[in-house]
Each structure stands twice: as C-alpha cells, then as structure tokens.
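Okay, my_file.cif is below, mmCIF, C-alpha atoms (C1' of nucleotides):
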```
data_upload
#
loop_
_atom_site.label_atom_id
_atom_site.label_comp_id
_atom_site.auth_asym_id
_atom_site.auth_seq_id
_atom_site.Cartn_x
_atom_site.Cartn_y
_atom_site.Cartn_z
CA MET A 12 37.84 113.63 75.78
CA GLN A 13 38.09 116.76 73.68
CA ILE A 14 36.71 120.17 74.47
CA ALA A 15 36.59 123.24 72.27
CA THR A 16 35.69 126.92 72.17
CA TRP A 17 34.71 129.08 69.21
CA ASN A 18 33.49 132.63 68.81
CA VAL A 19 31.20 132.13 65.83
CA ASN A 20 30.20 135.80 65.36
CA SER A 21 26.50 135.04 64.72
CA LEU A 22 25.32 131.45 64.88
CA ALA A 23 22.55 132.33 62.44
CA VAL A 24 25.23 132.91 59.83
CA ARG A 25 27.72 130.29 61.00
CA LEU A 26 25.51 127.26 61.80
CA PRO A 27 26.46 125.39 58.60
CA GLN A 28 30.14 125.91 59.39
CA LEU A 29 29.64 124.78 62.99
CA LEU A 30 27.89 121.58 61.88
CA GLU A 31 30.62 120.93 59.33
CA TRP A 32 33.30 121.52 61.94
CA LEU A 33 31.65 119.25 64.53
CA SER A 34 31.36 116.55 61.91
CA ALA A 35 35.12 116.70 61.33
CA HIS A 36 35.95 117.34 65.01
CA PRO A 37 33.45 115.38 67.12
CA VAL A 38 34.49 116.98 70.41
CA ASP A 39 32.75 115.91 73.60
CA ALA A 40 31.87 119.43 74.63
CA MET A 41 32.05 122.86 73.06
CA VAL A 42 31.34 126.42 74.10
CA LEU A 43 30.26 129.11 71.66
CA GLN A 44 30.40 132.89 71.90
CA GLU A 45 28.60 135.69 70.06
CA THR A 46 25.70 133.51 69.04
CA LYS A 47 23.62 136.71 68.79
CA LEU A 48 20.41 134.68 69.06
CA THR A 49 17.58 134.68 71.56
CA ASP A 50 17.06 131.20 72.99
CA ASP A 51 13.82 130.67 71.05
CA ARG A 52 15.84 130.95 67.83
CA PHE A 53 18.73 128.73 68.97
CA PRO A 54 19.20 125.80 66.53
CA ALA A 55 18.86 123.11 69.22
CA ALA A 56 17.17 120.63 66.87
CA GLU A 57 19.93 120.84 64.25
CA LEU A 58 22.58 120.36 66.94
CA ALA A 59 20.65 117.49 68.50
CA ALA A 60 20.58 115.81 65.10
CA ALA A 61 24.37 116.22 65.06
CA GLY A 62 24.57 114.51 68.45
CA TYR A 63 24.78 117.48 70.79
CA ALA A 64 22.58 118.60 73.65
CA SER A 65 22.58 122.39 74.01
CA HIS A 66 22.32 124.89 76.80
CA ALA A 67 21.87 128.26 75.17
CA PHE A 68 22.05 131.60 76.91
CA GLY A 69 21.48 134.27 74.33
CA GLN A 70 20.14 137.70 73.65
CA ARG A 71 19.19 139.72 70.61
CA THR A 72 21.90 141.24 68.39
CA TYR A 73 24.84 141.09 70.81
CA ASN A 74 26.74 138.55 72.92
CA GLY A 75 25.13 135.18 73.58
CA VAL A 76 26.85 131.96 74.60
CA ALA A 77 26.09 128.25 74.50
CA LEU A 78 27.36 124.97 75.91
CA LEU A 79 27.10 121.92 73.67
CA ALA A 80 27.82 118.41 74.88
CA ARG A 81 27.38 114.85 73.62
CA ALA A 82 26.53 113.75 77.17
CA ASP A 83 24.20 116.41 78.46
CA ALA A 84 25.66 118.90 80.91
CA VAL A 85 24.39 119.07 84.49
CA ASP A 86 24.41 121.83 87.12
CA VAL A 87 24.17 124.49 84.42
CA VAL A 88 24.75 128.09 85.48
CA ARG A 89 24.11 131.20 83.38
CA ASN A 90 26.23 134.32 83.91
CA ILE A 91 28.23 135.06 87.05
CA PRO A 92 26.19 134.33 90.18
CA GLY A 93 25.72 137.49 92.23
CA PHE A 94 26.94 139.80 89.44
CA ASP A 95 24.06 141.77 87.99
CA ASP A 96 24.65 141.72 84.24
CA ASP A 97 22.18 142.39 81.44
CA GLN A 98 24.58 140.88 78.88
CA ALA A 99 24.62 137.11 78.21
CA ARG A 100 28.28 136.14 78.58
CA VAL A 101 28.68 132.94 80.60
CA VAL A 102 27.29 129.43 80.55
CA ALA A 103 28.81 126.76 82.76
CA GLY A 104 28.03 123.10 83.23
CA THR A 105 29.52 119.77 84.27
CA VAL A 106 30.23 117.24 81.50
CA GLY A 107 31.72 113.85 82.30
CA GLY A 108 32.89 115.07 85.70
CA LEU A 109 34.61 118.10 84.18
CA ARG A 110 33.36 121.57 85.08
CA ILE A 111 33.28 123.69 81.93
CA VAL A 112 32.94 127.46 82.16
CA GLY A 113 32.31 129.04 78.77
CA ALA A 114 32.81 132.80 78.69
CA TYR A 115 32.54 135.70 76.30
CA MET A 116 34.51 138.32 78.14
CA PRO A 117 33.74 141.98 77.40
CA ASN A 118 35.63 143.61 74.55
CA GLY A 119 36.26 146.83 76.44
CA GLN A 120 36.37 149.06 73.33
CA ALA A 121 39.18 151.36 74.51
CA PRO A 122 41.12 151.99 77.72
CA GLY A 123 39.39 154.67 79.75
CA SER A 124 35.96 154.09 78.23
CA GLU A 125 32.87 153.07 80.16
CA LYS A 126 32.99 149.73 78.35
CA PHE A 127 36.54 149.25 79.60
CA ALA A 128 35.43 149.93 83.19
CA TYR A 129 32.68 147.33 82.71
CA LYS A 130 35.26 144.85 81.41
CA ILE A 131 37.36 145.32 84.55
CA ARG A 132 34.36 144.98 86.88
CA TRP A 133 33.31 141.89 84.97
CA LEU A 134 36.77 140.29 85.24
CA GLU A 135 36.84 140.98 88.99
CA ALA A 136 33.45 139.33 89.42
CA LEU A 137 34.52 136.35 87.33
CA ALA A 138 37.65 135.80 89.42
CA ALA A 139 35.72 136.06 92.68
CA TRP A 140 33.18 133.48 91.50
CA LEU A 141 35.80 131.13 90.04
CA LYS A 142 37.69 131.08 93.31
CA ASP A 143 34.67 129.36 94.88
CA GLU A 144 33.85 127.37 91.77
CA LEU A 145 37.31 125.79 91.84
CA VAL A 146 36.71 124.60 95.41
CA ARG A 147 33.44 122.98 94.35
CA HIS A 148 34.89 121.65 91.08
CA PRO A 149 38.64 121.00 91.20
CA GLN A 150 38.52 119.61 87.64
CA LEU A 151 37.66 122.80 85.77
CA ALA A 152 38.26 124.37 82.38
CA LEU A 153 37.62 128.07 81.76
CA MET A 154 37.43 128.71 78.06
CA GLY A 155 36.15 131.18 75.55
CA ASP A 156 36.86 134.55 74.01
CA PHE A 157 38.82 136.39 76.70
CA ASN A 158 39.42 139.50 74.60
CA ILE A 159 42.87 139.61 76.21
CA ALA A 160 46.21 138.83 74.55
CA PRO A 161 48.13 137.65 77.63
CA GLU A 162 51.68 138.39 76.44
CA ASP A 163 53.48 140.18 73.64
CA ARG A 164 54.10 136.84 71.90
CA ASP A 165 50.32 136.63 71.51
CA VAL A 166 50.28 139.81 69.40
CA HIS A 167 51.37 140.09 65.75
CA ASP A 168 52.73 143.62 66.27
CA PRO A 169 53.34 144.23 69.98
CA VAL A 170 54.67 147.74 69.35
CA ALA A 171 51.62 148.89 67.45
CA TRP A 172 49.30 147.22 69.98
CA ALA A 173 51.12 148.42 73.12
CA GLY A 174 48.56 149.87 75.51
CA GLN A 175 45.71 149.21 73.09
CA ILE A 176 42.57 147.29 73.94
CA HIS A 177 43.22 143.55 74.53
CA CYS A 178 46.86 144.35 75.37
CA THR A 179 46.83 146.80 78.28
CA ASP A 180 48.76 146.07 81.45
CA GLU A 181 45.48 146.21 83.38
CA GLU A 182 43.80 143.54 81.26
CA ARG A 183 46.90 141.37 81.37
CA ALA A 184 47.04 141.71 85.16
CA HIS A 185 43.48 140.38 85.32
CA PHE A 186 44.45 137.48 83.09
CA ARG A 187 47.33 136.68 85.44
CA ALA A 188 44.92 136.94 88.38
CA LEU A 189 42.91 134.14 86.80
CA LEU A 190 46.09 132.07 86.54
CA GLY A 191 46.73 132.90 90.20
CA LEU A 192 43.53 131.09 91.15
CA GLY A 193 45.19 127.86 90.05
CA LEU A 194 44.63 127.84 86.31
CA VAL A 195 47.11 127.37 83.50
CA ASP A 196 46.99 128.37 79.83
CA ALA A 197 46.62 124.96 78.14
CA PHE A 198 47.99 126.28 74.84
CA ARG A 199 51.32 127.11 76.49
CA LEU A 200 51.69 123.65 78.03
CA PHE A 201 52.87 122.50 74.61
CA GLU A 202 55.29 123.63 71.95
CA GLN A 203 53.41 125.80 69.46
CA PRO A 204 54.13 127.35 66.10
CA PRO A 205 55.40 130.93 66.50
CA ARG A 206 52.91 133.63 65.57
CA SER A 207 49.88 131.58 66.59
CA TRP A 208 46.69 133.66 66.72
CA SER A 209 43.03 132.89 67.31
CA TRP A 210 41.57 136.11 65.88
CA TRP A 211 42.30 138.13 62.76
CA ASP A 212 40.58 141.41 61.90
CA TYR A 213 38.26 141.18 58.92
CA ARG A 214 39.99 144.26 57.52
CA ASN A 215 43.38 144.78 55.93
CA LEU A 216 43.71 141.21 54.60
CA ALA A 217 44.77 140.44 58.17
CA PHE A 218 44.28 136.67 57.91
CA ARG A 219 46.20 136.37 54.66
CA ARG A 220 49.01 138.39 56.25
CA ASN A 221 48.68 136.44 59.52
CA GLN A 222 48.20 139.65 61.49
CA GLY A 223 46.23 138.57 64.52
CA LEU A 224 45.97 138.16 68.25
CA ARG A 225 45.65 135.13 70.51
CA ILE A 226 42.64 136.13 72.60
CA ASP A 227 40.68 132.84 72.74
CA HIS A 228 41.91 130.56 75.48
CA VAL A 229 41.46 127.30 77.36
CA LEU A 230 42.57 127.62 80.98
CA VAL A 231 42.67 124.40 82.98
CA SER A 232 42.82 123.90 86.73
CA ASP A 233 45.89 122.52 88.47
CA ALA A 234 43.99 119.27 89.11
CA LEU A 235 43.19 118.95 85.41
CA ARG A 236 46.57 120.00 84.08
CA SER A 237 48.23 116.57 84.12
CA ARG A 238 45.35 115.12 82.07
CA VAL A 239 45.74 117.62 79.21
CA THR A 240 47.65 116.02 76.34
CA ALA A 241 47.17 118.58 73.56
CA CYS A 242 45.89 122.06 72.78
CA SER A 243 45.73 123.70 69.39
CA ILE A 244 44.11 126.43 67.34
CA ASP A 245 42.30 125.25 64.21
CA LYS A 246 42.78 127.89 61.52
CA GLY A 247 40.73 125.85 59.05
CA PRO A 248 37.39 127.58 59.54
CA ARG A 249 39.04 130.99 59.11
CA ARG A 250 39.74 129.98 55.49
CA ASN A 251 36.05 129.47 54.77
CA GLU A 252 34.33 131.68 52.27
CA ARG A 253 32.33 133.56 54.92
CA PRO A 254 34.33 132.98 58.09
CA SER A 255 34.05 134.04 61.68
CA ASP A 256 36.90 136.36 62.57
CA HIS A 257 37.87 133.83 65.30
CA ALA A 258 39.26 130.29 65.03
CA PRO A 259 38.28 127.40 67.32
CA VAL A 260 40.64 126.24 70.08
CA ILE A 261 40.64 122.53 71.01
CA ALA A 262 42.07 120.76 74.04
CA THR A 263 42.46 117.02 74.50
CA ILE A 264 42.05 115.52 77.97
CA ASP A 265 42.92 111.94 78.94
"C1'" DA B 13 43.61 153.48 55.11
"C1'" DT B 14 37.94 155.75 57.52
"C1'" DG B 15 40.19 149.32 54.93
"C1'" DT B 16 35.12 144.22 57.05
"C1'" DC B 17 31.33 141.91 58.90
"C1'" DA B 18 26.79 141.43 61.42
"C1'" DC B 19 22.71 143.45 62.99
"C1'" DC B 20 19.67 147.05 63.93
"C1'" DT B 21 16.40 150.94 62.47
"C1'" DG B 22 14.04 152.42 59.03
"C1'" DG B 23 14.55 152.74 54.55
"C1'" DT B 24 16.83 151.29 49.98
"C1'" DA B 25 21.59 154.36 53.79
"C1'" DG B 26 23.46 155.11 58.40
"C1'" DG B 27 24.72 153.80 63.19
"C1'" DT B 28 26.73 150.57 66.58
"C1'" DG B 29 29.75 146.98 68.09
"C1'" DA B 30 33.45 144.11 67.35
#
```

Would you give me this structure, written as structure tokens?
Amino acid sequence: MQIATWNVNSLAVRLPQLLEWLSAHPVDAMVLQETKLTDDRFPAAELAAAGYASHAFGQRTYNGVALLARADAVDVVRNIPGFDDDQARVVAGTVGGLRIVGAYMPNGQAPGSEKFAYKIRWLEALAAWLKDELVRHPQLALMGDFNIAPEDRDVHDPVAWAGQIHCTDEERAHFRALLGLGLVDAFRLFEQPPRSWSWWDYRNLAFRRNQGLRIDHVLVSDALRSRVTACSIDKGPRRNERPSDHAPVIATID
DNA sequence: ATGTCACCTGGTAGGTGA
C-alpha cells in the first residue's frame, strides 16, 4: 500500500491539484494539512467521485486536517485526546490494519513567543498520547507537517537558520523524543538526493533556487519499519502554476 | 529585500499567519 501527506495550504484553492495528483498517484490513504475549510465546505463529494472516503476536521481560515482513504478509515480520532485545543490539527484512523495519525504541528512563529510555547506544549501532549497509541496500534505511521527540520542536512542554509523557528534545539529535541517512542523517519531509511526539501518559501524564488526545509515527515513504528520499501518527496506539484508551498511525501508499505 | 500567498475585515487597502 501507499500512504501520503501533503500540506495543501487551502484546499479551496488546491482541490484541482489534489484531484490531479491522486489521479497520478492513487495512494491508499492520504492526510492533508491546512485545508482551511469548515467541515460543511469540505469537498467530500468530489473526493468520493475520485474514489476516496474522507474524514475532515477543519476550521475557518486556519489549520484544518483530513484523512482520505480508498477503504474507509475506522476508529477515527480528532485532535489529541485529553489535550484541550481549539485548533484543528490532528485526525487519526485505521486503514487496512495500519494506524495513521495525520498531524499539522504548530508553526511556533519564533522562539520565545507565546505561539512557540504552545508548540512545545502541543508536542508534549502528542508524545504522551502516541506512547499509548503505539501500545494499542503497533503498526502506526505518524505523518504530516511537523514544522521541524530534524537535522542540519534538512536545511538549505543551516548557518542562516541556526536557532530559528523549525530549527531550534528545543524543537529538534521534541522530534527526537518522538523517535524515542519507537518511530523512525521513513525518508532516512533510504538513500536520498542531497538537498531534499519538502517546503520552499513563496518568496525569494526559493523553489527555483532550491532553498527549502524538510519539515514534512512520515514516521513509522518499529513494527512497521520492515514493511516500508520506499519513501520520497514529490516536487512535481511545487512546479504547478499556483502551488502549495509544500510538496507531498509518499511512503510505500508491503 | 519589508521579497509571496491565503484569508479575513471592511472596503477597493491593511492585518494576520505561514
């Protein structure tokens, strides 16, 4: 099976690109971030016509996530149980025996800001929940927009980005804490092109100059790891005329 | 480079978030 994640930066704008992408990449399940749509406006009918059942969890203007699957997901959970959050950032479900946790992790704005403190609280709550979730579902994939570049090799200019948002030691420690639960970065299980990013700023001709960050990830559980045969970033949609600033990440599972 | 894009309010521009 294949699973994918994509921050679409407004599904209202990007729906045609999503449908085109799914037509070329008929993955079994997909998680979306930054749909920016209330659930009553979610394009469930269009996605159903494309062969996907949807579980949307959205809000107006900001955030919003969704889980799409060819075989409908069961045991669907929205946001982190027990963590009071007025932002729609998580949708999880079980597809074909695989637990999929789709997440739009907080951006954090800048170290020291209130949004950064929220990001840290959020990451702590996620890890606490996932620890239990992994016991219930040993075959688990955590994927989405993490808003964390785990290592310097995930940053186009590590000197310029040192200590900046997405690259602070504190954020990276929380990323490693997720790995410590028994997860592995699927992208790094395989040889990859150097300077592989999943996000490029809209400004500064960043995509053309390949100045980006790898902040979108697929983390797989130890029990799932041996079944993962490929993981890649698809830069194709970033070349579209009106692209999302993020590229999809795909993983293949035997 | 304060460089773009999306969405909101409220108005035909400015603010916020990313």

**Request:** List the residues selected by the PyMOL selection byres ((chain B) within 6 of (chain A)) in the file shown, writing them as a list in words.
**Result:** DG15, DT16 and DC19 of chain B

**Request:** For the file shown, report as an MDAnalysis selection string the outcome of the PyMOL selection byres ((chain A and resi 211) around 7) at residue level.
**Result:** chainID A and resid 209:210 212:213 217:218 222:224 256:257

**Prompt:** What is the CA of Tyr115 (chain A) to CA of Asp83 (chain A) distance in Å?
**Reply:**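 Value for the CA of Tyr115 (chain A)-CA of Asp83 (chain A) distance: 21.1 Å.
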
**Message:** Set the distance at 6 Å and use only C-alpha atoms (C1' of nucleotides): which residues neighbour Phe68 (chain A) once local chain neighbours fewer than 6 positions away are removed? I'd like the list as an NGL selection string.
**Reply:** :A and (75-77)

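Of the listed residues (A:Pro169, A:Trp208, A:Leu48, A:Arg225), A:Trp208 comes nearest to Lys246 (chain A); the distances count only C-alpha atoms.
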
**Asked** Quick one, how far is CA of Arg25 (chain A) from CA of Ala99 (chain A)?
**Response** 18.8 Å

**Request:** Dig up all the protein and nucleic acid residues within 12 Å of (34.9, 119.2, 65.8) in the file frame, using only C-alpha atoms (C1' of nucleotides), and format them as an MDAnalysis selection string.
**Result:** chainID A and resid 12:17 28:42 61:63 79:81 244:245 247:248 258:263

Test item: residues at most 9 Å from Ile131 (chain A), all atoms listed in the file, excluding those fewer than 4 positions along its chain, as a compact mmCIF listing (two decimals) with C-alpha atoms, in the coordinates of the input:
```txt
# COMPACT_ATOMS: atom_id res chain seq x y z
CA PRO A 117 33.74 141.98 77.40
CA GLY A 119 36.26 146.83 76.44
CA LYS A 126 32.99 149.73 78.35
CA PHE A 127 36.54 149.25 79.60
CA GLU A 135 36.84 140.98 88.99
CA ALA A 136 33.45 139.33 89.42
CA GLU A 181 45.48 146.21 83.38
CA GLU A 182 43.80 143.54 81.26
CA HIS A 185 43.48 140.38 85.32
```

**Message:** Just the number, please: distance in Å from CA of Ala67 (chain A) to CA of His177 (chain A), one decimal.
**Reply:** 26.3 Å

**Asked** Residues at most 8 Å from Asp265 (chain A), counting only C-alpha atoms (C1' of nucleotides), excluding those fewer than 3 positions away in the same chain, as a PyMOL selection string?
**Response** chain A and resi 12+238-240

Around all the atoms of region 42-53 of chain A listed in the file, draw an axis-aligned box and extend it by 8 Å on each of the six sides; I want its centre and edge lengths in Å to one decimal, as AutoDock Vina command-line options.
```
--center_x 22.6 --center_y 131.6 --center_z 71.0 --size_x 33.5 --size_y 26.3 --size_z 22.3
```

**Message:** From the options A:Arg147, A:Lys130, A:Arg164, A:Arg199, which residue's atoms come nearest to Leu109 (chain A), counting only C-alpha atoms?
**Reply:**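 Among the listed residues, the smallest separation from Leu109 (chain A) belongs to A:Arg147.
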
**Asked** Could you pull the residues within 10 Å of Asp51 (chain A), counting all atoms listed in the file, minus those fewer than 2 positions along the same chain, as a list in words?
**Response**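 Surrounding residues, per the criterion: Leu48, Thr49, Phe53, Pro54, Ala55, Ala67, Gly69 and Gln70 of chain A.
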
**Message:** Could you tell me, as a ChimeraX atom specification, exactly which residues end up selected when the PyMOL selection byres ((chain A and resi 233) around 8) is applied to this structure?
**Reply:** /A:149-150,193-195,231-232,234-237

**Asked** Which residues come within 6 Å of Ile226 (chain A), counting all atoms listed in the file, excluding same-chain residues fewer than 4 positions away, as a PyMOL selection string?
**Response** chain A and resi 157-160
